[in-house]
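Colleague: Next comes work-v2.txt, compact mmCIF, N, CA and C atoms:
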```txt
# COMPACT_ATOMS: atom_id res chain seq x y z
N MET A 20 9.10 2.06 1.12
CA MET A 20 8.90 3.02 2.19
C MET A 20 7.44 3.41 2.32
N GLN A 21 6.83 3.66 1.18
CA GLN A 21 5.43 4.07 1.19
C GLN A 21 4.53 2.94 1.69
N ALA A 22 4.87 1.70 1.33
CA ALA A 22 4.06 0.57 1.77
C ALA A 22 4.15 0.38 3.28
N VAL A 23 5.31 0.59 3.85
CA VAL A 23 5.49 0.45 5.30
C VAL A 23 4.68 1.52 6.03
N ILE A 24 4.76 2.75 5.56
CA ILE A 24 4.00 3.83 6.20
C ILE A 24 2.51 3.58 6.06
N LEU A 25 2.09 3.05 4.92
CA LEU A 25 0.67 2.76 4.71
C LEU A 25 0.19 1.67 5.66
N MET A 26 1.00 0.64 5.88
CA MET A 26 0.61 -0.43 6.81
C MET A 26 0.52 0.11 8.24
N ILE A 27 1.46 0.97 8.64
CA ILE A 27 1.40 1.58 9.97
C ILE A 27 0.16 2.47 10.08
N HIS A 28 -0.15 3.21 9.03
CA HIS A 28 -1.31 4.10 8.99
C HIS A 28 -2.61 3.31 9.19
N VAL A 29 -2.74 2.19 8.51
CA VAL A 29 -3.94 1.38 8.63
C VAL A 29 -4.04 0.76 10.02
N ALA A 30 -2.91 0.32 10.58
CA ALA A 30 -2.92 -0.26 11.92
C ALA A 30 -3.33 0.79 12.96
N ILE A 31 -2.84 2.01 12.81
CA ILE A 31 -3.22 3.08 13.73
C ILE A 31 -4.70 3.40 13.59
N ALA A 32 -5.21 3.41 12.37
CA ALA A 32 -6.63 3.70 12.16
C ALA A 32 -7.52 2.64 12.83
N ILE A 33 -7.14 1.38 12.69
CA ILE A 33 -7.92 0.31 13.33
C ILE A 33 -7.84 0.42 14.85
N ALA A 34 -6.65 0.73 15.37
CA ALA A 34 -6.49 0.89 16.82
C ALA A 34 -7.31 2.07 17.33
N LEU A 35 -7.36 3.15 16.58
CA LEU A 35 -8.16 4.31 16.98
C LEU A 35 -9.64 3.98 17.06
N VAL A 36 -10.13 3.28 16.06
CA VAL A 36 -11.55 2.91 16.06
C VAL A 36 -11.86 2.02 17.26
N ALA A 37 -11.02 1.02 17.50
CA ALA A 37 -11.25 0.12 18.64
C ALA A 37 -11.16 0.86 19.96
N LEU A 38 -10.20 1.75 20.09
CA LEU A 38 -10.00 2.49 21.33
C LEU A 38 -11.16 3.45 21.61
N ILE A 39 -11.66 4.07 20.58
CA ILE A 39 -12.79 4.99 20.76
C ILE A 39 -14.05 4.23 21.15
N LEU A 40 -14.24 3.03 20.57
CA LEU A 40 -15.42 2.24 20.91
C LEU A 40 -15.36 1.70 22.34
N VAL A 41 -14.17 1.50 22.89
CA VAL A 41 -14.02 0.97 24.24
C VAL A 41 -14.30 2.04 25.29
N GLN A 42 -14.05 3.30 24.98
CA GLN A 42 -14.19 4.37 25.97
C GLN A 42 -15.64 4.62 26.32
N GLN A 43 -15.83 5.06 27.57
CA GLN A 43 -17.16 5.41 28.02
C GLN A 43 -17.45 6.86 27.68
N GLY A 44 -18.70 7.16 27.50
CA GLY A 44 -19.10 8.52 27.23
C GLY A 44 -19.07 9.38 28.48
N LYS A 45 -19.26 10.69 28.33
CA LYS A 45 -19.25 11.61 29.47
C LYS A 45 -20.42 11.35 30.42
N GLY A 46 -21.54 10.91 29.91
CA GLY A 46 -22.71 10.65 30.75
C GLY A 46 -22.60 9.38 31.57
N ALA A 47 -21.65 8.53 31.29
CA ALA A 47 -21.51 7.28 32.03
C ALA A 47 -20.92 7.50 33.41
N ASP A 48 -20.29 8.64 33.66
CA ASP A 48 -19.70 8.92 34.96
C ASP A 48 -20.75 9.12 36.05
N ALA A 49 -21.93 9.57 35.70
CA ALA A 49 -22.97 9.81 36.69
C ALA A 49 -23.42 8.51 37.32
N GLY A 50 -23.49 7.46 36.58
CA GLY A 50 -23.88 6.17 37.13
C GLY A 50 -22.83 5.59 38.04
N ALA A 51 -21.56 5.89 37.77
CA ALA A 51 -20.48 5.38 38.60
C ALA A 51 -20.46 6.06 39.96
N SER A 52 -20.93 7.28 40.06
CA SER A 52 -20.91 7.99 41.35
C SER A 52 -21.93 7.43 42.32
N PHE A 53 -22.95 6.73 41.85
CA PHE A 53 -23.96 6.13 42.72
C PHE A 53 -23.67 4.66 43.00
N GLY A 54 -22.40 4.28 42.93
CA GLY A 54 -22.05 2.89 43.25
C GLY A 54 -22.15 1.98 42.05
N GLY A 55 -21.73 2.45 40.92
CA GLY A 55 -21.81 1.66 39.69
C GLY A 55 -20.68 0.67 39.53
N GLY A 56 -19.88 0.42 40.55
CA GLY A 56 -18.83 -0.57 40.46
C GLY A 56 -17.53 -0.02 39.92
N ALA A 57 -17.24 1.25 40.14
CA ALA A 57 -16.03 1.85 39.63
C ALA A 57 -14.79 1.33 40.34
N SER A 58 -14.95 0.79 41.55
CA SER A 58 -13.78 0.29 42.27
C SER A 58 -13.29 -1.05 41.72
N GLN A 59 -14.05 -1.67 40.86
CA GLN A 59 -13.68 -2.96 40.30
C GLN A 59 -13.01 -2.84 38.94
N THR A 60 -12.67 -1.65 38.51
CA THR A 60 -12.04 -1.48 37.20
C THR A 60 -10.56 -1.80 37.27
N VAL A 61 -9.96 -2.09 36.16
CA VAL A 61 -8.54 -2.42 36.08
C VAL A 61 -7.69 -1.19 36.33
N PHE A 62 -8.16 -0.03 35.95
CA PHE A 62 -7.37 1.20 36.02
C PHE A 62 -7.57 1.97 37.32
N GLY A 63 -8.29 1.42 38.27
CA GLY A 63 -8.48 2.09 39.56
C GLY A 63 -9.86 2.69 39.68
N SER A 64 -10.09 3.36 40.82
CA SER A 64 -11.43 3.89 41.10
C SER A 64 -11.76 5.08 40.21
N ARG A 65 -10.74 5.77 39.73
CA ARG A 65 -11.00 6.92 38.85
C ARG A 65 -11.47 6.46 37.47
N GLY A 66 -11.15 5.25 37.11
CA GLY A 66 -11.57 4.74 35.81
C GLY A 66 -10.45 4.83 34.81
N SER A 67 -10.74 4.44 33.60
CA SER A 67 -9.73 4.40 32.55
C SER A 67 -9.77 5.65 31.68
N GLY A 68 -10.49 6.66 32.09
CA GLY A 68 -10.69 7.85 31.27
C GLY A 68 -9.41 8.56 30.89
N SER A 69 -8.56 8.86 31.86
CA SER A 69 -7.37 9.64 31.54
C SER A 69 -6.36 8.82 30.73
N PHE A 70 -6.19 7.55 31.07
CA PHE A 70 -5.25 6.71 30.33
C PHE A 70 -5.70 6.53 28.88
N LEU A 71 -6.97 6.19 28.68
CA LEU A 71 -7.48 5.98 27.33
C LEU A 71 -7.52 7.28 26.54
N ALA A 72 -7.78 8.38 27.21
CA ALA A 72 -7.80 9.68 26.52
C ALA A 72 -6.41 10.06 26.04
N LYS A 73 -5.38 9.82 26.88
CA LYS A 73 -4.01 10.13 26.47
C LYS A 73 -3.57 9.22 25.33
N LEU A 74 -3.92 7.94 25.42
CA LEU A 74 -3.56 7.00 24.35
C LEU A 74 -4.26 7.36 23.04
N THR A 75 -5.52 7.78 23.13
CA THR A 75 -6.25 8.21 21.94
C THR A 75 -5.60 9.45 21.33
N GLY A 76 -5.18 10.38 22.16
CA GLY A 76 -4.52 11.59 21.66
C GLY A 76 -3.21 11.27 20.96
N MET A 77 -2.43 10.37 21.55
CA MET A 77 -1.15 10.00 20.93
C MET A 77 -1.37 9.29 19.59
N LEU A 78 -2.33 8.38 19.54
CA LEU A 78 -2.62 7.68 18.28
C LEU A 78 -3.16 8.65 17.23
N THR A 79 -3.92 9.65 17.66
CA THR A 79 -4.44 10.64 16.71
C THR A 79 -3.30 11.45 16.10
N VAL A 80 -2.34 11.84 16.93
CA VAL A 80 -1.18 12.58 16.42
C VAL A 80 -0.39 11.71 15.43
N LEU A 81 -0.18 10.44 15.78
CA LEU A 81 0.53 9.54 14.87
C LEU A 81 -0.24 9.34 13.56
N PHE A 82 -1.57 9.29 13.65
CA PHE A 82 -2.39 9.14 12.45
C PHE A 82 -2.22 10.34 11.51
N PHE A 83 -2.21 11.54 12.09
CA PHE A 83 -2.03 12.73 11.26
C PHE A 83 -0.62 12.80 10.68
N VAL A 84 0.38 12.38 11.45
CA VAL A 84 1.76 12.39 10.94
C VAL A 84 1.91 11.43 9.77
N THR A 85 1.34 10.22 9.91
CA THR A 85 1.43 9.27 8.79
C THR A 85 0.62 9.75 7.59
N SER A 86 -0.49 10.44 7.84
CA SER A 86 -1.28 11.01 6.74
C SER A 86 -0.47 12.04 5.97
N LEU A 87 0.21 12.91 6.69
CA LEU A 87 1.03 13.93 6.03
C LEU A 87 2.22 13.29 5.31
N GLY A 88 2.80 12.26 5.91
CA GLY A 88 3.90 11.56 5.26
C GLY A 88 3.48 10.89 3.97
N LEU A 89 2.32 10.25 3.98
CA LEU A 89 1.81 9.62 2.76
C LEU A 89 1.48 10.65 1.69
N ALA A 90 0.94 11.79 2.11
CA ALA A 90 0.64 12.85 1.14
C ALA A 90 1.91 13.39 0.50
N TYR A 91 2.96 13.56 1.32
CA TYR A 91 4.22 14.04 0.79
C TYR A 91 4.83 13.03 -0.19
N LEU A 92 4.80 11.75 0.17
CA LEU A 92 5.35 10.73 -0.73
C LEU A 92 4.56 10.64 -2.03
N ALA A 93 3.26 10.82 -1.95
CA ALA A 93 2.44 10.79 -3.16
C ALA A 93 2.74 11.99 -4.06
N SER A 94 3.01 13.15 -3.47
CA SER A 94 3.32 14.32 -4.29
C SER A 94 4.70 14.19 -4.93
N GLN A 95 5.64 13.52 -4.27
CA GLN A 95 6.97 13.32 -4.83
C GLN A 95 6.99 12.21 -5.87
N ALA A 96 6.02 11.33 -5.85
CA ALA A 96 5.99 10.22 -6.80
C ALA A 96 5.73 10.73 -8.22
N ASN A 97 5.07 11.86 -8.37
CA ASN A 97 4.81 12.40 -9.71
C ASN A 97 6.08 12.93 -10.36
N GLU A 98 7.06 13.30 -9.57
CA GLU A 98 8.29 13.86 -10.12
C GLU A 98 9.30 12.78 -10.49
N GLN A 99 9.22 11.62 -9.88
CA GLN A 99 10.17 10.55 -10.12
C GLN A 99 9.59 9.57 -11.14
N PRO A 100 10.43 8.95 -11.98
CA PRO A 100 9.91 7.97 -12.92
C PRO A 100 9.45 6.71 -12.19
N GLU A 101 8.47 6.06 -12.77
CA GLU A 101 7.97 4.82 -12.19
C GLU A 101 9.03 3.74 -12.29
N LEU A 102 9.08 2.88 -11.30
CA LEU A 102 10.08 1.82 -11.29
C LEU A 102 9.77 0.73 -12.32
N GLY A 103 8.51 0.53 -12.66
CA GLY A 103 8.15 -0.54 -13.57
C GLY A 103 8.25 -0.17 -15.04
N ILE A 104 8.43 1.10 -15.37
CA ILE A 104 8.49 1.53 -16.76
C ILE A 104 9.96 1.63 -17.18
N PRO A 105 10.36 0.88 -18.21
CA PRO A 105 11.77 0.95 -18.62
C PRO A 105 12.08 2.26 -19.34
N ALA A 106 13.37 2.57 -19.43
CA ALA A 106 13.81 3.79 -20.09
C ALA A 106 13.59 3.67 -21.60
N ALA A 107 13.48 4.80 -22.27
CA ALA A 107 13.22 4.81 -23.71
C ALA A 107 14.37 4.17 -24.49
N GLU A 108 15.63 4.34 -24.02
CA GLU A 108 16.77 3.75 -24.71
C GLU A 108 16.69 2.23 -24.68
N LEU A 109 16.24 1.67 -23.58
CA LEU A 109 16.11 0.22 -23.47
C LEU A 109 15.03 -0.30 -24.41
N ILE A 110 13.95 0.43 -24.57
CA ILE A 110 12.89 0.01 -25.49
C ILE A 110 13.40 0.04 -26.93
N GLU A 111 14.15 1.06 -27.27
CA GLU A 111 14.71 1.15 -28.63
C GLU A 111 15.68 0.01 -28.91
N GLN A 112 16.49 -0.36 -27.93
CA GLN A 112 17.41 -1.48 -28.12
C GLN A 112 16.65 -2.78 -28.32
N GLN A 113 15.56 -2.96 -27.59
CA GLN A 113 14.79 -4.19 -27.74
C GLN A 113 14.08 -4.23 -29.09
N ASN A 114 13.70 -3.09 -29.64
CA ASN A 114 13.04 -3.05 -30.94
C ASN A 114 14.00 -3.40 -32.07
N GLN A 115 15.28 -3.23 -31.88
CA GLN A 115 16.25 -3.51 -32.92
C GLN A 115 16.70 -4.96 -32.94
N LEU A 116 16.38 -5.74 -31.92
CA LEU A 116 16.77 -7.15 -31.88
C LEU A 116 15.93 -7.95 -32.87
N PRO A 117 16.54 -8.97 -33.55
CA PRO A 117 15.75 -9.79 -34.46
C PRO A 117 14.78 -10.69 -33.69
N THR A 118 13.66 -10.93 -34.30
CA THR A 118 12.66 -11.82 -33.70
C THR A 118 12.38 -12.96 -34.65
N LEU A 119 11.56 -13.89 -34.21
CA LEU A 119 11.22 -15.04 -35.05
C LEU A 119 10.33 -14.63 -36.22
N ASP A 120 9.64 -13.53 -36.10
CA ASP A 120 8.76 -13.08 -37.17
C ASP A 120 9.52 -12.40 -38.30
N ASP A 121 10.77 -12.01 -38.08
CA ASP A 121 11.55 -11.37 -39.13
C ASP A 121 11.81 -12.36 -40.26
N ARG A 122 11.57 -11.94 -41.47
CA ARG A 122 11.79 -12.80 -42.64
C ARG A 122 13.16 -12.48 -43.22
N SER A 123 13.92 -13.48 -43.37
CA SER A 123 15.25 -13.32 -43.94
C SER A 123 15.26 -14.00 -45.31
N SER A 124 15.90 -13.37 -46.29
CA SER A 124 15.91 -13.93 -47.65
C SER A 124 16.83 -15.14 -47.76
N SER A 125 17.75 -15.33 -46.83
CA SER A 125 18.67 -16.46 -46.93
C SER A 125 18.07 -17.75 -46.38
N VAL A 126 16.98 -17.66 -45.67
CA VAL A 126 16.36 -18.85 -45.10
C VAL A 126 15.09 -19.16 -45.88
N ASP A 127 14.98 -20.43 -46.32
CA ASP A 127 13.79 -20.86 -47.05
C ASP A 127 12.82 -21.49 -46.05
N ASN A 128 11.74 -20.78 -45.78
CA ASN A 128 10.76 -21.26 -44.82
C ASN A 128 9.58 -21.93 -45.49
N ALA A 129 9.65 -22.17 -46.77
CA ALA A 129 8.53 -22.78 -47.49
C ALA A 129 8.41 -24.24 -47.11
N ALA A 130 7.20 -24.71 -47.06
CA ALA A 130 6.96 -26.12 -46.74
C ALA A 130 7.36 -26.97 -47.94
N PRO A 131 7.89 -28.15 -47.70
CA PRO A 131 8.29 -29.01 -48.82
C PRO A 131 7.06 -29.52 -49.58
N GLU A 132 7.21 -29.67 -50.85
CA GLU A 132 6.11 -30.19 -51.67
C GLU A 132 6.22 -31.70 -51.74
N LEU A 133 5.08 -32.36 -51.68
CA LEU A 133 5.06 -33.81 -51.76
C LEU A 133 5.14 -34.26 -53.21
N GLU A 134 5.87 -35.33 -53.43
CA GLU A 134 5.96 -35.86 -54.80
C GLU A 134 4.71 -36.67 -55.09
N GLU A 135 4.25 -36.54 -56.32
CA GLU A 135 3.07 -37.31 -56.70
C GLU A 135 3.51 -38.71 -57.10
N SER A 136 2.80 -39.66 -56.61
CA SER A 136 3.13 -41.03 -57.01
C SER A 136 2.38 -41.39 -58.29
N GLY A 137 3.00 -42.20 -59.06
CA GLY A 137 2.44 -42.53 -60.35
C GLY A 137 1.44 -43.68 -60.30
N ASN A 138 1.00 -44.14 -59.23
CA ASN A 138 0.07 -45.27 -59.14
C ASN A 138 -1.25 -44.94 -59.63
```
In structure tokens, how does this file's structure come out?
Modeller:
Amino acid sequence: MQAVILMIHVAIAIALVALILVQQGKGADAGASFGGGASQTVFGSRGSGSFLAKLTGMLTVLFFVTSLGLAYLASQANEQPELGIPAAELIEQQNQLPTLDDRSSSVDNAAPELEESGN
């Protein structure tokens, strides 16, 4: 869940940066009033100001919502056990299992001795 929200958060952040860089500043409107080619825009003669401003506002709200969601999930993660850490009972059970390093008195692990030849 946290990974999905994080991926959405990063995508919104990248979209916000791109959207803000595409928008014109407030001073750019003065040039358009003197015949700067505003009638040739995709969004009409008024320009893309209101559409891009609304889209930027919506993405900003989504960015803050995902930020708060990630903060909440991070605060709850401290209370829950980690998924990768096994329980203490499981570790104790694994410590009681025999391993290859255990020495047993019934097994002779000594290397055989070579017989000396009489030559």
Colleague: Give as a list in words the set of residues within 9 Å of the point (-10.6, 9.0, 21.8), where distances use the file's coordinates and only C-alpha atoms.
Modeller: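 Here the neighbourhood of the point contains Leu35, Val36, Leu38, Ile39, Leu40, Gln42, Leu71, Ala72, Lys73, Leu74, Thr75, Gly76, Leu78 and Thr79 of chain A.
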Colleague: May I have the residues within 12 Å of Phe83 of chain A as a PyMOL selection string, using only C-alpha atoms and disregarding those fewer than 4 positions away in the same chain?
Modeller: chain A and resi 24+27-29+31-32+35+76-79+87-90
Colleague: If I take atom N of Gln21 of chain A and atom N of Phe82 of chain A, how far is one from the other in Å, to one decimal?
Modeller: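 Separation of atom N of Gln21 of chain A and atom N of Phe82 of chain A: 16.1 Å.
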Colleague: Using Å and a single decimal, report how far atom CA of Met26 of chain A sits from atom CA of Thr85 of chain A.
Modeller: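 Value for the atom CA of Thr85 of chain A-atom CA of Met26 of chain A distance: 9.9 Å.
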Colleague: Go ahead and compute the interatomic distance for atom C of Ala30 of chain A and atom C of Phe70 of chain A, in Å to one decimal.
Modeller: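 Separation between atom C of Ala30 of chain A and atom C of Phe70 of chain A: 17.1 Å.
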